[in-house]
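Asks: Structure: target_39.tsv, TSV, C-alpha atoms.
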```tsv
chain	number	residue	atom	x	y	z
A	7	MET	CA	-11.48	-42.27	9.21
A	8	THR	CA	-11.30	-39.07	7.14
A	9	PRO	CA	-9.02	-38.75	4.15
A	10	ARG	CA	-5.76	-36.93	4.60
A	11	GLY	CA	-6.03	-33.17	4.19
A	12	THR	CA	-9.74	-32.98	4.96
A	13	PRO	CA	-10.51	-30.59	7.82
A	14	LYS	CA	-12.10	-32.08	10.92
A	15	ALA	CA	-15.53	-30.94	12.05
A	16	GLY	CA	-15.66	-28.14	14.59
A	17	THR	CA	-14.92	-24.47	14.85
A	18	ARG	CA	-11.78	-22.77	13.69
A	19	LYS	CA	-9.58	-20.62	15.87
A	20	SER	CA	-10.08	-16.90	15.54
A	21	GLY	CA	-7.54	-15.04	13.43
A	22	GLY	CA	-7.16	-17.90	10.99
A	23	GLY	CA	-7.28	-17.49	7.25
A	24	ARG	CA	-5.99	-14.86	4.91
A	25	LYS	CA	-5.63	-11.30	6.17
A	26	LYS	CA	-8.02	-8.75	4.71
A	27	LYS	CA	-6.29	-6.74	1.95
A	28	TYR	CA	-8.87	-4.06	1.18
A	29	ASN	CA	-10.68	-1.99	3.77
A	30	SER	CA	-14.15	-1.92	2.21
A	31	GLU	CA	-16.59	-4.54	1.00
A	32	LEU	CA	-15.55	-6.27	-2.22
A	33	VAL	CA	-17.67	-6.57	-5.36
A	34	GLN	CA	-16.97	-8.82	-8.31
A	35	LYS	CA	-16.75	-6.95	-11.65
A	36	TRP	CA	-15.63	-7.87	-15.13
A	37	VAL	CA	-12.56	-5.88	-16.13
A	38	PRO	CA	-10.01	-6.41	-18.90
A	39	SER	CA	-7.14	-8.64	-17.81
A	40	SER	CA	-4.62	-5.93	-18.69
A	41	LEU	CA	-6.32	-3.66	-16.13
A	42	ALA	CA	-6.97	-6.36	-13.53
A	43	ASN	CA	-3.28	-7.27	-13.39
A	44	LYS	CA	-2.38	-3.63	-12.66
A	45	LEU	CA	-5.14	-2.80	-10.16
A	46	ASP	CA	-2.83	-2.60	-7.13
A	47	ASP	CA	-0.42	-0.43	-9.10
A	48	ILE	CA	-3.30	1.89	-10.02
A	49	TYR	CA	-4.33	2.17	-6.37
A	50	LEU	CA	-0.75	2.97	-5.34
A	51	LEU	CA	-0.53	5.57	-8.11
A	52	LEU	CA	-3.71	7.23	-6.85
A	53	ILE	CA	-2.35	7.32	-3.30
A	54	ASP	CA	0.97	8.83	-4.46
A	55	LEU	CA	-0.80	11.33	-6.72
A	56	GLU	CA	-3.03	12.44	-3.85
A	57	LYS	CA	0.01	12.99	-1.62
A	58	GLU	CA	1.86	14.91	-4.35
A	59	VAL	CA	-1.12	17.19	-5.04
A	60	ALA	CA	-1.47	17.91	-1.32
A	61	ARG	CA	2.24	18.77	-1.14
A	62	TRP	CA	1.97	21.15	-4.09
A	63	GLU	CA	-1.12	22.76	-2.60
A	64	LEU	CA	0.92	23.64	0.47
A	65	ILE	CA	3.78	25.02	-1.65
A	66	CYS	CA	1.38	27.14	-3.70
A	67	GLU	CA	-0.28	28.50	-0.54
A	68	GLU	CA	3.12	29.52	0.87
A	69	LYS	CA	4.00	31.37	-2.34
A	70	SER	CA	0.59	32.84	-3.05
A	71	THR	CA	2.02	36.23	-4.08
A	72	SER	CA	4.48	34.78	-6.59
A	73	PRO	CA	3.30	35.03	-10.20
A	74	ARG	CA	5.54	32.08	-11.07
A	75	TYR	CA	3.34	29.77	-9.03
A	76	GLU	CA	0.12	30.90	-10.75
A	77	GLN	CA	0.42	28.16	-13.39
A	78	ALA	CA	1.22	25.61	-10.68
A	79	ARG	CA	-1.92	26.68	-8.77
A	80	LYS	CA	-4.00	26.17	-11.92
A	81	LEU	CA	-2.49	22.72	-12.49
A	82	VAL	CA	-2.99	21.71	-8.85
A	83	ALA	CA	-6.61	22.90	-8.93
A	84	ALA	CA	-7.30	20.98	-12.14
A	85	THR	CA	-5.65	17.82	-10.80
A	86	ARG	CA	-7.55	18.10	-7.50
A	87	ALA	CA	-10.83	18.45	-9.43
A	88	LEU	CA	-10.07	15.31	-11.44
A	89	LEU	CA	-9.18	13.35	-8.28
A	90	SER	CA	-12.35	14.56	-6.56
A	91	ARG	CA	-14.43	13.54	-9.56
A	92	LEU	CA	-13.26	9.96	-9.09
A	93	GLY	CA	-14.75	9.93	-5.60
A	94	ILE	CA	-12.13	7.52	-4.21
A	95	ASP	CA	-10.87	8.08	-0.68
A	96	THR	CA	-7.27	6.95	-1.10
A	97	THR	CA	-6.62	6.79	2.65
A	98	ASN	CA	-9.09	3.92	3.07
A	99	ILE	CA	-8.20	1.61	0.18
A	100	TYR	CA	-5.96	-0.89	1.96
A	101	ALA	CA	-6.83	-2.56	5.25
A	102	ASP	CA	-3.25	-2.44	6.56
A	103	SER	CA	-3.02	1.33	6.00
A	104	GLN	CA	-6.21	1.74	8.04
A	105	GLU	CA	-4.66	-0.26	10.89
A	106	ASN	CA	-1.49	1.86	10.66
A	107	ASN	CA	-3.55	5.06	10.81
A	108	GLN	CA	-5.34	3.84	13.93
A	109	GLU	CA	-2.01	2.96	15.58
A	110	ASP	CA	-0.61	6.43	14.78
A	111	GLU	CA	-3.64	8.12	16.37
A	112	SER	CA	-3.25	6.10	19.60
```
How does the structure come out when it is put into structure tokens?
Replies:
Amino acid sequence: MTPRGTPKAGTRKSGGGRKKKYNSELVQKWVPSSLANKLDDIYLLLIDLEKEVARWELICEEKSTSPRYEQARKLVAATRALLSRLGIDTTNIYADSQENNQEDES
């Protein structure tokens, strides 16, 4: 007789266990606890920042002849360069967003 709470021998049903949170392979790294506790918030900030920069790029393209938007174009270009330097594809961070993107394309 096995003790209570011990799993029986055999194979598990498919779909069991915790759902995958991140879309890519995970690597263990040492980070400060103050940063580790905010990692999801940082990812969400990057996603929101990417969307906001894309929105401002469209606005600046529409008003390309306006001298008032010249400073905005410079700011958007600088922000886009900084985001590109990170090399993070914000659309593929979370596994559930990847599933939602696939459902939208269908």
Asks: Taking only C-alpha atoms into account, which of A:Leu64, A:Leu92, A:Ala101, A:Leu32 comes nearest Leu52 of chain A?
Replies: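 Counting only C-alpha atoms, the residue closest to Leu52 of chain A is A:Leu92.
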Asks: Taking all atoms listed in the file into account, name the residue in A:Pro9, A:Val59, A:Asn29, A:Ala15 that is nearest to Arg86 of chain A.
Replies: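 Selected residue with least distance to Arg86 of chain A: A:Val59.
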Asks: Within 9 Å of Val82 of chain A, counting all atoms listed in the file, which residues show up once you throw out same-chain ones fewer than 3 positions away? Write them as a PyMOL selection string, please.
Replies: chain A and resi 59-60+62-63+66+77-79+85-87
Asks: Restricting the calculation to all atoms listed in the file, which member of A:Tyr100, A:Tyr75, A:Trp36, A:Tyr28 is positioned closest to Ile53 of chain A?
Replies: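 Result for the nearest residue to Ile53 of chain A: A:Tyr100.
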Asks: Given the choices A:Thr96, A:Asp46, A:Arg61, A:Leu51, which gets closest to Lys27 of chain A if the distance is worked out from only C-alpha atoms?
Replies: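 Of A:Thr96, A:Asp46, A:Arg61, A:Leu51, the one nearest Lys27 of chain A is A:Asp46, counting only C-alpha atoms.
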Asks: Can you tell me how far atom CA of Asp95 of chain A sits from atom CA of Glu56 of chain A, in Å to one decimal?
Replies: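 Between atom CA of Asp95 of chain A and atom CA of Glu56 of chain A the gap works out to 9.5 Å.
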Asks: In Å to one decimal, how far is atom CA of Leu89 of chain A from atom CA of Leu55 of chain A?
Replies: 8.8 Å
Asks: Counting only C-alpha atoms, which residue out of A:Lys44, A:Asp102, A:Lys14, A:Glu67 sits closest to Ala83 of chain A?
Replies: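 The closest residue to Ala83 of chain A is A:Glu67.
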Asks: If you measure from atom CA of Ser70 of chain A to atom CA of Ile94 of chain A, what distance in Å do you get, rounded to one decimal?
Replies: 28.4 Å
